[in-house]
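Peer 1: Here's a structure for you.
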Amino acid sequence: DAKTTQPTSMDCAEGRAANLPCNHSTISGNEYVYWYRQIHSQGPQYIIHGLKNNETNEMASLIITEDRKSSTLILPHATLRDTAVYYCIVRVANTGNQFYFGTGTSLTVIP
Amino acid sequence: GAVVSQHPSRVICKSGTSVKIECRSLDFQATTMFWYRQFPKQSLMLMATSNEGSKATYEQGVEKDKFLINHASLTLSTLTVTSAHPEDSSFYICSARGVEYNEQFFGPGTRLTVL
């Protein structure tokens with residue numbers, strides 16, 4: 001699976017949009033981009049995933065660049081409960097393949 | 001999304017004893033389950049992958065005789081930490097994937113403390 005690079009930490013003001021970047025320059029054509037987050041001492045929570053088109057759900061939006069070498073997770077109106085570590089993972093979908101977690105981005109939402 | 005549970009949520013045991021952790025998919029059939037562990041301030045480390053009815057596949061460096069994994073049904077996988085030692089103290093997390101999903105769903109984790 002392709003390696004991903006994320007900033008170690010970010011801050012965001014409550015109510016503002018949080019934009020979390022992820023670089024995956026070696027991504028293959030059949031690999032999807034997945035985002036999970038982990039709130040302290042809990043299991044990771046699925047957020048969103050996509051292949052090449054931008055995706056949106058009730059939690060977030062995922063913007064993938066045209067060359068697919070990077071993506072951005074957008075939390076449109078961050079709340080204090082969004083404080084967590086956010087992981088960007090790339091892997092082939094529709095398989096039993098494993099997720100390998102990187103170090104993620106620790107997002108702190110500030111009141 | 002689908003729900004995955006773990007039991008127990010927290011366990012404290014003496015050194016040398018064995019501990020069993022259960023992982024259940026509550027509303028879907030999990031063809032594949034994964035076990036991770038996470039040390040403080042670190043990321044999740046994949047330990048093993050198990051498919052229902054098959055032997056688990058362990059990641060490099062994970063002792064299969066120490067971390068016994070059983071995936072006997074499509075809704076249950078168990079991880080047994082045998083002869084636990086203080087260095088096995090960690091946060092153990094399972095995840096599950098069903099054929100109808102592209103994503104994995106994670107359990108809430110089990111905090112193991114070995115005294």
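Following the order of the structure tokens, chains are lettered A, B, ..., residues in each are numbered from 1, and ligands are numbered from 1.
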Which residues come within 7 Å of Cys13 in chain B, counting only C-alpha atoms, excluding same-chain residues fewer than 3 positions away, as a list in words?

Peer 2: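 The contact residues come out as Thr17, Thr113, Val114 and Leu115 of chain B.
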
Peer 1: If you run DSSP over the backbone, which residues in chain A end up strand (DSSP E or B)? Put them as an NGL selection string.

Peer 2: :A and (5 or 9-13 or 18-23 or 31-38 or 45-50 or 55-56 or 61-64 or 70-75 or 84-92 or 105-110)

Peer 1: Using only C-alpha atoms, determine which residues lie at most 7 Å from Tyr36 in chain A, disregarding the query and same-chain residues fewer than 4 positions distant; provide the list as a list in words.

Peer 2: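 These residues fall inside the cut-off: Pro44, Gln45, Tyr46, Ile47, Tyr86, Tyr87 and Cys88 of chain A.
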
Peer 1: Between A:Ile39, A:Lys3, A:Ala84, A:Phe101, which is the closest to Met47 in chain B once you count only C-alpha atoms?

Peer 2: A:Phe101

Peer 1: What's around Phe67 in chain B at 7 Å? Count only C-alpha atoms, leave out sequence neighbours fewer than 3 positions away in its own chain, and write the answer as a list in words.

Peer 2: Glu63, Lys64, Leu79, Thr80, Val81 and Thr82 of chain B

Peer 1: Take the residues just selected and output them with all heavy atoms as a tab-separated table (two decimals), in the first residue's frame.

Peer 2:
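Printed below is again30.tsv as written:
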```tsv
chain	number	residue	atom	x	y	z
B	63	GLU	N	4.52	-12.67	17.63
B	63	GLU	CA	4.65	-14.09	17.94
B	63	GLU	C	3.28	-14.78	17.90
B	63	GLU	O	2.41	-14.50	18.73
B	63	GLU	CB	5.24	-14.25	19.34
B	63	GLU	CG	6.63	-13.66	19.50
B	63	GLU	CD	7.08	-13.76	20.95
B	63	GLU	OE1	7.15	-14.89	21.46
B	63	GLU	OE2	7.35	-12.72	21.58
B	64	LYS	N	3.11	-15.69	16.99
B	64	LYS	CA	1.82	-16.35	16.83
B	64	LYS	C	1.50	-17.27	18.01
B	64	LYS	O	0.32	-17.51	18.30
B	64	LYS	CB	1.78	-17.14	15.53
B	64	LYS	CG	2.77	-18.27	15.44
B	64	LYS	CD	2.62	-19.00	14.11
B	64	LYS	CE	3.59	-20.17	14.04
B	64	LYS	NZ	3.50	-20.91	12.76
B	79	LEU	N	-8.79	-12.96	20.61
B	79	LEU	CA	-7.34	-12.82	20.75
B	79	LEU	C	-6.99	-13.24	22.17
B	79	LEU	O	-7.53	-12.68	23.12
B	79	LEU	CB	-6.91	-11.38	20.51
B	79	LEU	CG	-5.47	-11.01	20.90
B	79	LEU	CD1	-4.47	-11.70	20.00
B	79	LEU	CD2	-5.26	-9.49	20.86
B	80	THR	N	-6.12	-14.22	22.29
B	80	THR	CA	-5.67	-14.66	23.61
B	80	THR	C	-4.21	-14.30	23.76
B	80	THR	O	-3.37	-14.75	22.97
B	80	THR	CB	-5.87	-16.17	23.80
B	80	THR	OG1	-7.25	-16.50	23.65
B	80	THR	CG2	-5.41	-16.60	25.18
B	81	VAL	N	-3.92	-13.50	24.77
B	81	VAL	CA	-2.54	-13.16	25.09
B	81	VAL	C	-2.08	-14.18	26.12
B	81	VAL	O	-2.57	-14.21	27.26
B	81	VAL	CB	-2.43	-11.74	25.66
B	81	VAL	CG1	-0.97	-11.38	25.93
B	81	VAL	CG2	-3.07	-10.73	24.70
B	82	THR	N	-1.19	-15.06	25.72
B	82	THR	CA	-0.75	-16.13	26.61
B	82	THR	C	0.46	-15.70	27.42
B	82	THR	O	1.33	-14.95	26.92
B	82	THR	CB	-0.41	-17.39	25.80
B	82	THR	OG1	0.69	-17.09	24.93
B	82	THR	CG2	-1.60	-17.86	24.99
```

Peer 1: From the options A:Leu51, A:Val109, A:Leu73, A:Ile63, which residue's atoms come nearest to chain B, counting only C-alpha atoms?

Peer 2: A:Leu51

Peer 1: Can you list, as JSON, numbers by chain, every protein, DNA or RNA residue that comes within 10 Å of range 12-19 of chain A when you count only C-alpha atoms, leaving out same-chain residues fewer than 6 positions away?

Peer 2: {"A": [60, 61, 62, 63, 71, 72, 73, 74, 75, 76, 77, 78, 79, 80, 81, 82, 83, 107, 108, 109, 110, 111]}

Peer 1: For a test of reading the model, state the distance in Å between CA of Gly61 in chain B and CA of Leu46 in chain B, rounded to one decimal.

Peer 2: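 Pair CA of Gly61 in chain B / CA of Leu46 in chain B returns 10.7 Å.
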
Peer 1: Quick one: residues within 9 Å of Lys55 in chain B, only C-alpha atoms, excluding same-chain residues fewer than 3 positions away - as a ChimeraX atom specification?

Peer 2: /B:49-52,69-71

Peer 1: What are the residues of chain A lining chain B at 12 Å or less? Count only C-alpha atoms, and put the answer as a ChimeraX atom specification.

Peer 2: /A:8,31-51,85-87,89-106

Peer 1: Could you list, as a list of chain:residue names, every residue within 9 Å of Thr78 in chain B, counting only C-alpha atoms and ignoring same-chain residues fewer than 3 positions away?

Peer 2: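 After dropping sequence-adjacent residues, the list is B:Lys20, B:Ile21, B:Glu22, B:Cys23, B:Arg24, B:Leu68, B:Ile69, B:Asn70, B:His71, B:Ala72.
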
Peer 1: Would you export the selected residues with C-alpha atoms as a tab-separated table (two decimals), in the first residue's frame, please?

Peer 2:
```tsv
chain	number	residue	atom	x	y	z
B	20	LYS	CA	-8.83	-13.57	26.17
B	21	ILE	CA	-10.33	-10.61	24.30
B	22	GLU	CA	-13.47	-11.01	22.21
B	23	CYS	CA	-14.36	-9.06	19.10
B	24	ARG	CA	-17.87	-9.27	17.69
B	68	LEU	CA	-3.50	-16.76	19.67
B	69	ILE	CA	-6.25	-15.75	17.29
B	70	ASN	CA	-9.40	-17.71	16.62
B	71	HIS	CA	-12.02	-16.65	14.06
B	72	ALA	CA	-14.49	-19.47	14.49
```

Peer 1: For a test of reading the model, state the distance in Å between CA of Arg37 in chain B and CA of Thr57 in chain B, rounded to one decimal.

Peer 2: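 According to the coordinates, CA of Arg37 in chain B and CA of Thr57 in chain B are separated by 15.3 Å.
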